[in-house]
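Student: Contents of input_6.txt (compact mmCIF, C-alpha atoms and all ligand atoms):
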```txt
# COMPACT_ATOMS: atom_id res chain seq x y z
CA MET A 1 16.59 40.38 18.18
CA LEU A 2 18.64 42.75 16.05
CA GLU A 3 16.65 44.59 13.40
CA LEU A 4 18.12 43.96 9.97
CA GLY A 5 18.41 46.24 6.96
CA ARG A 6 15.58 46.23 4.42
CA LEU A 7 15.76 45.94 0.65
CA GLU A 8 14.37 49.50 0.37
CA ASP A 9 17.35 50.79 2.37
CA LEU A 10 19.64 49.96 -0.55
CA PRO A 11 20.12 52.36 -3.51
CA GLU A 12 18.02 51.46 -6.54
CA SER A 13 21.12 51.32 -8.77
CA TYR A 14 22.85 48.87 -6.40
CA ARG A 15 19.79 46.59 -6.34
CA ALA A 16 19.59 46.70 -10.11
CA ALA A 17 23.29 45.76 -10.37
CA LEU A 18 22.76 42.79 -8.06
CA THR A 19 19.72 41.60 -10.02
CA ALA A 20 21.58 41.92 -13.32
CA HIS A 21 24.18 39.47 -12.01
CA ASN A 22 21.77 37.02 -10.32
CA LEU A 23 22.80 38.18 -6.87
CA VAL A 24 20.55 38.73 -3.83
CA PRO A 25 21.36 40.30 -0.45
CA LEU A 26 20.61 37.84 2.34
CA TRP A 27 19.93 40.21 5.26
CA PRO A 28 16.52 41.59 4.14
CA SER A 29 15.19 38.00 3.90
CA LEU A 30 17.11 36.34 6.73
CA ARG A 31 14.28 36.52 9.30
CA ALA A 32 11.79 35.10 6.81
CA VAL A 33 13.85 31.98 6.11
CA LEU A 34 15.06 31.62 9.71
CA PRO A 35 12.24 32.85 11.98
CA PRO A 36 13.06 32.87 15.69
CA GLY A 37 12.05 29.84 17.81
CA LYS A 38 9.59 28.16 15.48
CA PRO A 39 8.93 27.90 11.75
CA ILE A 40 6.11 29.92 10.16
CA PRO A 41 4.15 27.17 8.39
CA ARG A 42 2.28 27.69 5.16
CA THR A 43 0.27 24.59 6.07
CA ARG A 44 -3.02 25.66 7.66
CA PRO A 45 -5.18 23.44 9.84
CA THR A 46 -7.72 22.31 7.23
CA CYS A 47 -10.62 19.87 7.23
CA TRP A 48 -12.29 18.12 4.30
CA SER A 49 -15.74 16.70 5.05
CA TYR A 50 -16.63 13.53 3.19
CA GLU A 51 -20.30 14.47 3.09
CA THR A 52 -19.35 17.61 1.10
CA LEU A 53 -16.76 15.96 -1.09
CA ARG A 54 -18.55 12.72 -1.97
CA PRO A 55 -21.27 14.11 -4.27
CA LEU A 56 -18.63 16.12 -6.15
CA LEU A 57 -16.51 13.00 -6.58
CA ILE A 58 -19.51 10.97 -7.78
CA GLN A 59 -20.23 13.83 -10.21
CA ALA A 60 -16.65 13.55 -11.50
CA GLY A 61 -17.57 9.95 -12.36
CA GLU A 62 -20.38 11.26 -14.57
CA LEU A 63 -18.40 14.12 -16.10
CA THR A 64 -15.08 12.40 -16.82
CA PRO A 65 -14.65 8.84 -18.08
CA ILE A 66 -11.71 6.98 -16.56
CA GLU A 67 -9.92 6.99 -19.94
CA LYS A 68 -9.85 10.79 -19.76
CA ALA A 69 -8.58 10.85 -16.19
CA GLU A 70 -6.26 7.85 -15.73
CA ARG A 71 -6.77 8.46 -12.02
CA ARG A 72 -10.12 10.09 -11.17
CA VAL A 73 -9.17 12.12 -8.13
CA LEU A 74 -10.27 15.22 -6.27
CA VAL A 75 -7.21 16.60 -4.52
CA LEU A 76 -7.54 17.74 -0.90
CA ALA A 77 -5.58 20.96 -1.23
CA ASN A 78 -4.45 23.16 1.63
CA PRO A 79 -5.35 26.82 0.95
CA GLY A 80 -2.24 27.91 2.88
CA HIS A 81 -0.10 26.52 0.07
CA GLY A 82 -2.41 27.74 -2.73
CA LEU A 83 -4.90 25.26 -4.15
CA GLU A 84 -2.98 24.90 -7.42
CA LYS A 85 -0.01 23.41 -5.54
CA MET A 86 -2.12 20.35 -4.63
CA GLN A 87 -0.46 20.03 -1.23
CA ALA A 88 -1.95 19.14 2.14
CA SER A 89 1.37 20.03 3.81
CA SER A 90 4.93 20.67 2.66
CA SER A 91 5.45 16.98 1.85
CA ILE A 92 2.00 15.36 1.89
CA TYR A 93 -0.41 15.09 -1.03
CA LEU A 94 -3.97 13.86 -0.36
CA GLY A 95 -6.60 12.88 -2.90
CA MET A 96 -9.93 11.08 -2.93
CA GLN A 97 -10.08 8.66 -5.85
CA LEU A 98 -13.20 7.15 -7.41
CA LEU A 99 -13.26 3.90 -9.36
CA LEU A 100 -16.55 2.70 -10.85
CA PRO A 101 -17.54 -0.92 -11.57
CA GLY A 102 -15.69 -2.32 -14.59
CA GLU A 103 -13.16 0.49 -14.75
CA ILE A 104 -9.41 0.06 -14.84
CA ALA A 105 -6.86 2.66 -13.79
CA PRO A 106 -3.96 1.41 -15.91
CA ALA A 107 -0.57 0.22 -14.71
CA HIS A 108 2.18 2.72 -14.05
CA ARG A 109 5.03 3.31 -11.66
CA HIS A 110 6.55 6.49 -10.38
CA THR A 111 9.14 7.91 -8.05
CA PRO A 112 6.78 9.32 -5.38
CA ASN A 113 5.64 6.81 -2.74
CA ALA A 114 1.90 6.31 -2.29
CA VAL A 115 -0.51 4.54 0.01
CA ARG A 116 -4.27 4.26 -0.23
CA LEU A 117 -6.75 3.94 2.61
CA ILE A 118 -10.05 2.48 1.45
CA VAL A 119 -13.03 4.69 2.31
CA GLU A 120 -16.06 2.94 0.83
CA GLY A 121 -17.24 0.20 -1.52
CA GLU A 122 -16.28 -3.39 -2.26
CA GLY A 123 -15.04 -5.30 -5.28
CA ALA A 124 -12.08 -3.17 -6.32
CA TYR A 125 -8.43 -4.16 -6.05
CA SER A 126 -4.95 -2.80 -6.62
CA THR A 127 -2.34 -5.00 -8.21
CA VAL A 128 1.03 -3.88 -6.84
CA ASP A 129 4.25 -5.50 -8.05
CA GLY A 130 2.16 -8.48 -9.19
CA GLU A 131 0.35 -8.83 -5.85
CA LYS A 132 -3.42 -8.48 -5.97
CA CYS A 133 -4.66 -6.54 -2.96
CA GLU A 134 -8.44 -6.63 -2.55
CA MET A 135 -9.82 -3.39 -1.19
CA ARG A 136 -12.07 -3.31 1.82
CA ARG A 137 -13.04 -0.33 3.96
CA GLY A 138 -10.18 0.77 6.23
CA ASP A 139 -7.54 -1.34 4.44
CA LEU A 140 -4.13 0.20 3.76
CA ILE A 141 -2.42 -0.67 0.48
CA LEU A 142 1.13 0.49 -0.31
CA THR A 143 2.47 1.49 -3.70
CA PRO A 144 6.03 2.39 -2.79
CA THR A 145 8.43 4.19 -5.11
CA GLY A 146 9.18 2.31 -8.32
CA LEU A 147 6.59 -0.47 -7.94
CA TRP A 148 4.11 -1.08 -10.77
CA HIS A 149 0.49 -0.61 -9.77
CA GLU A 150 -2.94 -0.59 -11.37
CA HIS A 151 -6.47 -0.55 -9.99
CA GLY A 152 -9.44 -2.61 -11.18
CA HIS A 153 -13.03 -3.11 -10.12
CA ASP A 154 -15.07 -6.35 -10.37
CA GLY A 155 -17.84 -5.20 -8.01
CA ASP A 156 -21.08 -3.32 -8.55
CA GLU A 157 -20.83 -0.14 -6.46
CA PRO A 158 -18.55 2.91 -6.53
CA VAL A 159 -15.29 2.47 -4.65
CA VAL A 160 -13.54 5.44 -3.08
CA TRP A 161 -10.18 5.64 -1.41
CA LEU A 162 -7.85 8.23 0.09
CA ASP A 163 -4.48 8.49 -1.68
CA VAL A 164 -1.56 9.73 0.42
CA LEU A 165 1.67 10.53 -1.42
CA ASP A 166 4.96 12.28 -0.75
CA LEU A 167 4.52 13.92 -4.17
CA PRO A 168 5.08 17.56 -3.02
CA LEU A 169 8.50 16.67 -1.65
CA VAL A 170 9.57 14.47 -4.56
CA TYR A 171 8.33 17.11 -7.02
CA TYR A 172 10.23 19.84 -5.12
CA MET A 173 13.32 17.63 -5.39
CA GLU A 174 12.82 17.59 -9.19
CA ALA A 175 12.72 13.81 -8.93
CA SER A 176 9.06 13.18 -9.85
CA TYR A 177 8.24 11.18 -12.98
CA VAL A 178 6.07 8.28 -14.16
CA GLU A 179 6.42 5.30 -16.53
CA GLU A 180 3.45 3.63 -18.17
CA GLY A 181 3.23 -0.16 -18.17
CA GLU A 182 1.24 -3.25 -19.13
CA LEU A 183 -1.41 -5.11 -17.15
CA GLN A 184 0.42 -7.18 -14.53
CA ALA A 185 0.34 -10.96 -14.04
CA VAL A 186 -0.84 -11.78 -10.52
CA ASN A 187 1.25 -13.97 -8.21
CA GLY A 188 0.43 -13.00 -4.64
CA ASP A 189 -1.93 -11.23 -2.25
CA GLY A 190 0.26 -8.43 -0.92
CA GLY A 191 1.49 -10.31 2.15
CA ALA A 192 -1.75 -9.79 4.08
CA ARG A 193 -1.88 -13.48 5.01
CA ALA A 194 1.86 -14.25 5.17
CA TYR A 195 2.33 -11.58 7.84
CA LEU A 196 -1.02 -11.92 9.56
CA ARG A 197 0.37 -12.45 13.09
CA GLY A 198 2.82 -10.13 14.77
CA GLY A 199 5.91 -11.69 16.37
CA VAL A 200 6.47 -14.34 13.69
CA VAL A 201 7.53 -13.92 10.06
CA PRO A 202 7.83 -16.41 7.20
CA SER A 203 11.29 -17.91 7.51
CA PRO A 204 11.88 -21.09 5.57
CA VAL A 205 15.04 -23.03 6.42
CA PHE A 206 16.75 -22.42 3.11
CA GLU A 207 15.58 -18.98 2.21
CA ARG A 208 14.99 -15.77 4.11
CA ARG A 209 12.98 -13.07 2.39
CA ASP A 210 14.77 -9.82 1.76
CA GLN A 211 12.26 -7.78 -0.22
CA ARG A 212 12.32 -4.08 0.62
CA TYR A 213 8.48 -4.10 0.68
CA PRO A 214 7.42 -7.57 1.92
CA MET A 215 3.95 -6.42 2.96
CA LEU A 216 1.82 -4.27 0.67
CA HIS A 217 -1.67 -4.85 2.10
CA TYR A 218 -2.67 -4.23 5.73
CA PRO A 219 -6.32 -5.33 6.14
CA TRP A 220 -8.31 -3.13 8.50
CA ALA A 221 -9.89 -6.14 10.24
CA ASP A 222 -6.41 -7.14 11.50
CA VAL A 223 -5.32 -3.62 12.44
CA ARG A 224 -8.58 -2.99 14.29
CA ALA A 225 -8.20 -6.30 16.14
CA ALA A 226 -4.63 -5.34 17.09
CA LEU A 227 -5.84 -2.00 18.51
CA ASN A 228 -8.63 -3.67 20.47
CA ALA A 229 -6.23 -6.29 21.88
CA LEU A 230 -3.68 -3.60 22.80
CA ALA A 231 -6.31 -1.49 24.58
CA GLU A 232 -7.43 -4.52 26.55
CA ALA A 233 -3.94 -5.82 27.36
CA GLU A 234 -2.49 -2.47 28.43
CA PRO A 235 -5.19 -0.27 29.95
CA ASP A 236 -2.63 2.27 31.20
CA LEU A 237 -1.16 3.03 27.78
CA GLU A 238 -0.82 6.76 27.06
CA ALA A 239 -2.08 6.17 23.50
CA VAL A 240 -3.53 3.09 21.84
CA GLN A 241 -1.66 3.41 18.57
CA VAL A 242 -0.02 0.98 16.16
CA ALA A 243 2.43 1.79 13.36
CA TYR A 244 2.31 0.29 9.88
CA VAL A 245 5.78 -1.22 9.60
CA ASN A 246 7.84 -3.50 7.43
CA PRO A 247 7.25 -6.78 9.31
CA GLU A 248 10.72 -8.08 8.37
CA ASN A 249 12.64 -5.33 10.16
CA GLY A 250 10.14 -3.28 12.17
CA GLY A 251 11.06 -0.09 10.29
CA ASP A 252 8.67 2.39 8.67
CA CYS A 253 6.69 0.73 5.87
CA GLU A 254 7.75 3.49 3.44
CA ASN A 255 10.75 5.82 3.27
CA ILE A 256 9.34 9.32 3.57
CA LEU A 257 5.89 9.33 5.18
CA GLY A 258 4.84 7.35 8.26
CA PHE A 259 1.48 5.69 8.85
CA SER A 260 -0.32 4.59 11.99
CA ALA A 261 -3.76 3.74 13.36
CA LEU A 262 -5.04 5.12 16.64
CA MET A 263 -7.91 4.10 18.86
CA LEU A 264 -9.52 6.74 21.05
CA ARG A 265 -11.05 4.82 23.91
CA PRO A 266 -14.65 5.72 24.87
CA GLY A 267 -14.61 9.23 26.35
CA GLU A 268 -10.86 9.62 25.79
CA THR A 269 -9.15 12.96 25.09
CA LEU A 270 -5.57 12.60 23.92
CA ALA A 271 -3.12 15.54 23.86
CA LEU A 272 -0.41 15.02 21.26
CA PRO A 273 2.76 17.00 21.91
CA ALA A 274 3.85 19.54 19.30
CA ARG A 275 6.20 17.72 16.92
CA SER A 276 8.07 18.98 13.89
CA PRO A 277 6.28 16.81 11.24
CA ALA A 278 2.91 17.80 9.78
CA MET A 279 0.14 15.26 10.32
CA VAL A 280 -3.02 14.05 8.61
CA PHE A 281 -5.98 12.49 10.44
CA HIS A 282 -8.61 10.42 8.65
CA LEU A 283 -11.52 9.04 10.61
CA ILE A 284 -12.23 5.37 9.91
CA GLU A 285 -14.89 4.61 12.49
CA GLY A 286 -16.68 6.58 15.22
CA GLY A 287 -16.57 10.34 15.76
CA ALA A 288 -13.90 12.73 17.03
CA GLU A 289 -13.16 16.35 17.68
CA VAL A 290 -9.73 17.53 16.59
CA THR A 291 -8.24 20.76 17.93
CA ILE A 292 -5.23 22.15 16.06
CA ASP A 293 -4.00 25.55 17.24
CA ASP A 294 -7.20 27.68 17.26
CA ALA A 295 -9.13 25.42 14.87
CA VAL A 296 -11.66 22.86 16.10
CA PHE A 297 -12.85 20.24 13.61
CA PRO A 298 -15.61 17.73 14.29
CA LEU A 299 -14.63 14.59 12.36
CA SER A 300 -17.24 12.09 11.24
CA GLU A 301 -16.56 8.87 9.36
CA ALA A 302 -14.42 9.38 6.23
CA ASP A 303 -13.56 12.99 7.13
CA THR A 304 -9.93 14.09 6.83
CA CYS A 305 -7.96 16.96 8.35
CA CYS A 306 -4.37 18.11 8.49
CA ALA A 307 -2.20 19.82 11.08
CA PRO A 308 1.01 21.78 10.45
CA GLY A 309 4.20 20.72 12.21
CA TYR A 310 5.09 22.27 15.59
CA SER A 311 1.39 22.54 16.56
CA PRO A 312 -0.05 20.70 19.55
CA VAL A 313 -3.07 18.57 18.63
CA LEU A 314 -5.94 17.51 20.86
CA LEU A 315 -8.00 14.47 19.86
CA SER A 316 -11.31 13.77 21.61
CA ASN A 317 -13.61 10.84 21.17
CA ARG A 318 -17.13 12.23 20.77
CA SER A 319 -18.61 9.04 22.18
CA ALA A 320 -18.49 7.97 25.80
CA GLU A 321 -19.62 4.46 24.87
CA LEU A 322 -17.77 3.46 21.70
CA PRO A 323 -14.16 3.59 20.54
CA THR A 324 -13.15 5.84 17.64
CA TYR A 325 -10.53 4.73 15.11
CA LEU A 326 -8.29 7.11 13.16
CA PHE A 327 -5.75 6.63 10.40
CA ILE A 328 -2.75 8.94 10.72
CA ALA A 329 -0.16 9.91 8.13
CA ASP A 330 2.80 12.10 9.01
CA GLU A 331 6.20 13.29 7.85
CA SER A 332 8.16 11.74 10.73
CA PRO A 333 10.33 9.24 8.76
CA LEU A 334 11.48 12.16 6.62
CA HIS A 335 12.21 14.41 9.62
CA LYS A 336 14.04 11.61 11.45
CA LYS A 337 16.18 10.71 8.44
CA LEU A 338 17.09 14.36 7.92
CA GLY A 339 17.87 14.94 11.61
CA VAL A 340 15.30 17.74 12.06
CA TYR A 341 12.74 15.71 14.05
CA GLU A 342 11.64 17.44 17.27
CA VAL A 343 9.12 16.83 20.04
CA ARG A 344 8.20 19.74 22.29
CA ARG A 345 6.52 18.62 25.47
C1 LIG B 401 -1.18 7.90 -8.53
O1 LIG B 401 -0.34 7.08 -9.16
C2 LIG B 401 -2.36 7.41 -8.02
O2 LIG B 401 -1.91 5.19 -8.66
C3 LIG B 401 -3.21 8.27 -7.36
O3 LIG B 401 -3.84 5.63 -7.87
C4 LIG B 401 -2.92 9.59 -7.20
C5 LIG B 401 -1.45 11.45 -7.60
C6 LIG B 401 -0.31 11.96 -8.11
C7 LIG B 401 0.59 11.15 -8.76
C8 LIG B 401 0.33 9.80 -8.90
C9 LIG B 401 -2.73 5.97 -8.20
C10 LIG B 401 -1.75 10.11 -7.73
C11 LIG B 401 -0.86 9.26 -8.39
```
Output the file's structure as structure tokens, nothing else.

Tutor:
Amino acid sequence: MLELGRLEDLPESYRAALTAHNLVPLWPSLRAVLPPGKPIPRTRPTCWSYETLRPLLIQAGELTPIEKAERRVLVLANPGHGLEKMQASSSIYLGMQLLLPGEIAPAHRHTPNAVRLIVEGEGAYSTVDGEKCEMRRGDLILTPTGLWHEHGHDGDEPVVWLDVLDLPLVYYMEASYVEEGELQAVNGDGGARAYLRGGVVPSPVFERRDQRYPMLHYPWADVRAALNALAEAEPDLEAVQVAYVNPENGGDCENILGFSALMLRPGETLALPARSPAMVFHLIEGGAEVTIDDAVFPLSEADTCCAPGYSPVLLSNRSAELPTYLFIADESPLHKKLGVYEVRR
């Protein structure tokens, strides 16, 4: 590849003249913005162990009352981006949030899309667009762009969940903002029961639903059962994986990030092809080993790791007897909508 001229090759006075007029020569930076063959990701393979993080999160509960935090969160920040950027990847934000018994994280709505995956504890709930979604371990609850949401806690133990947002992208777009709101009246359960069975959807004779987000709560018990049934029904499947979709149209459940659940069968090692979107893996049940480029992460329950785009990923179940279940978030809806999605086999 042709070697290009450097900034230092240009006379000082010429550079100063360019700068004075807000002008920049492209050629010294061209290879940095268009590297040959493959992007150079800032996102580094990174793992956050729950055992390490949990005591620090519980300590946050002692140090900072909810009124002083609004959302009591420790952000899982990727050092490749700089911790202050609060990014797991270019478009994914991850945080572990703690809500204590009796606390309320007040209603608001914002432009970034969020989901939460419940990690531990019972008795808390999110009210989203007036639908009360009760949190149980492994449940997925959506708070898509523009929908009001608040969290409350009627139980008696700490509740922790993993927040996944497209905040870095929406912030980069200069489109990120929040509105504060009032406590919501409840008039539903997030569609968890209405859409319990795949293959059929509520369809009354006189009225067909056309909400953009008909289902806001995906209980883990149902997703786990779906994975088990799939593994049993189709033993030759390359990967036992289900996507969280809008049950009315089968499309991605949110606009920018994609979400799925994966079962690693006992003893299974699964090689994922290198794909353009970055990915996040969160272990719900069991134990796995995740290899991303040169990094090898053992994942125990509630551990989380991320992989840059264009990297092959190897997932191994650490048990030969029991299945392992992972929650996966990735940037594939974004890449597909923008036309930059790639799989390299
Ligand atoms: C947010 O609204 C929540 O509602 C959690 O629980 C984390 C991080 C950045 C911006 C908004 C929540 C968030 C957030």

Student: From the options A:Gln184, A:Ala88, A:Glu248, A:Ala229, which residue's atoms come nearest to Gln211 of chain A, counting all atoms listed in the file?

Tutor: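 So, comparing all the options, the nearest one is A:Glu248.
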
Student: Report as a PyMOL selection string which protein, DNA and RNA residues come within 10 Å of ligand LIG 401 (chain B), using only C-alpha atoms and all ligand atoms.

Tutor: chain A and resi 70-75+86+93-99+105-116+126+128+143+148-151+161-168+171+176-178

Student: Within 8 Å of segment 26-29 of chain A, counting only C-alpha atoms, which residues qualify if same-chain residues fewer than 5 places away don't, as a list in words?

Tutor: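 The residues that qualify are Leu4, Gly5, Arg6 and Leu7 of chain A.
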
Student: Take the residues from that selection and write them out as a short mmCIF file (atom, residue, chain, number, x, y, z; two decimals), in the coordinates of the input, keeping C-alpha atoms.

Tutor:
```cif
data_model
loop_
_atom_site.label_atom_id
_atom_site.label_comp_id
_atom_site.auth_asym_id
_atom_site.auth_seq_id
_atom_site.Cartn_x
_atom_site.Cartn_y
_atom_site.Cartn_z
CA LEU A 4 18.12 43.96 9.97
CA GLY A 5 18.41 46.24 6.96
CA ARG A 6 15.58 46.23 4.42
CA LEU A 7 15.76 45.94 0.65
#
```

Student: I'd like the interatomic distance between atom CA of Pro333 of chain A and atom CA of Ser276 of chain A, to a tenth of an Å.

Tutor: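 Straight-line distance from atom CA of Pro333 of chain A to atom CA of Ser276 of chain A works out to 11.2 Å.
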
Student: Between A:Ala274, A:Ile284, A:Leu257, A:Val186, which residue has the minimum interatomic distance to Lys337 of chain A, considering all atoms listed in the file?

Tutor: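 Of A:Ala274, A:Ile284, A:Leu257, A:Val186, the one nearest Lys337 of chain A, counting all atoms listed in the file, is A:Leu257.
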
Student: Determine the nearest neighbour of Val170 of chain A from the options A:Leu315, A:Leu147, A:Ala302, A:Ile92, counting only C-alpha atoms.

Tutor: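 Looking at the shortest contact to Val170 of chain A, the residue is A:Ile92.
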
Student: Kindly assemble as a Markdown table a list of the segment 48-74 of chain A residues that lie within 6 Å of segment 303-311 of chain A, each paired with its nearest atom pair and their distance in Å to one decimal, using only C-alpha atoms, sorted first by chain and then by ascending residue number.

Tutor:
```
| residue | atom | partner | partner_atom | distance |
| --- | --- | --- | --- | --- |
| A:Trp48 | CA | A:Thr304 | CA | 5.3 |
| A:Ser49 | CA | A:Asp303 | CA | 4.8 |
| A:Tyr50 | CA | A:Asp303 | CA | 5.0 |
```

Student: Which of these, A:Gly181, A:Pro214, A:Gly146, A:Gly267, has the shortest distance to Glu289 of chain A once you count all atoms listed in the file?

Tutor: A:Gly267
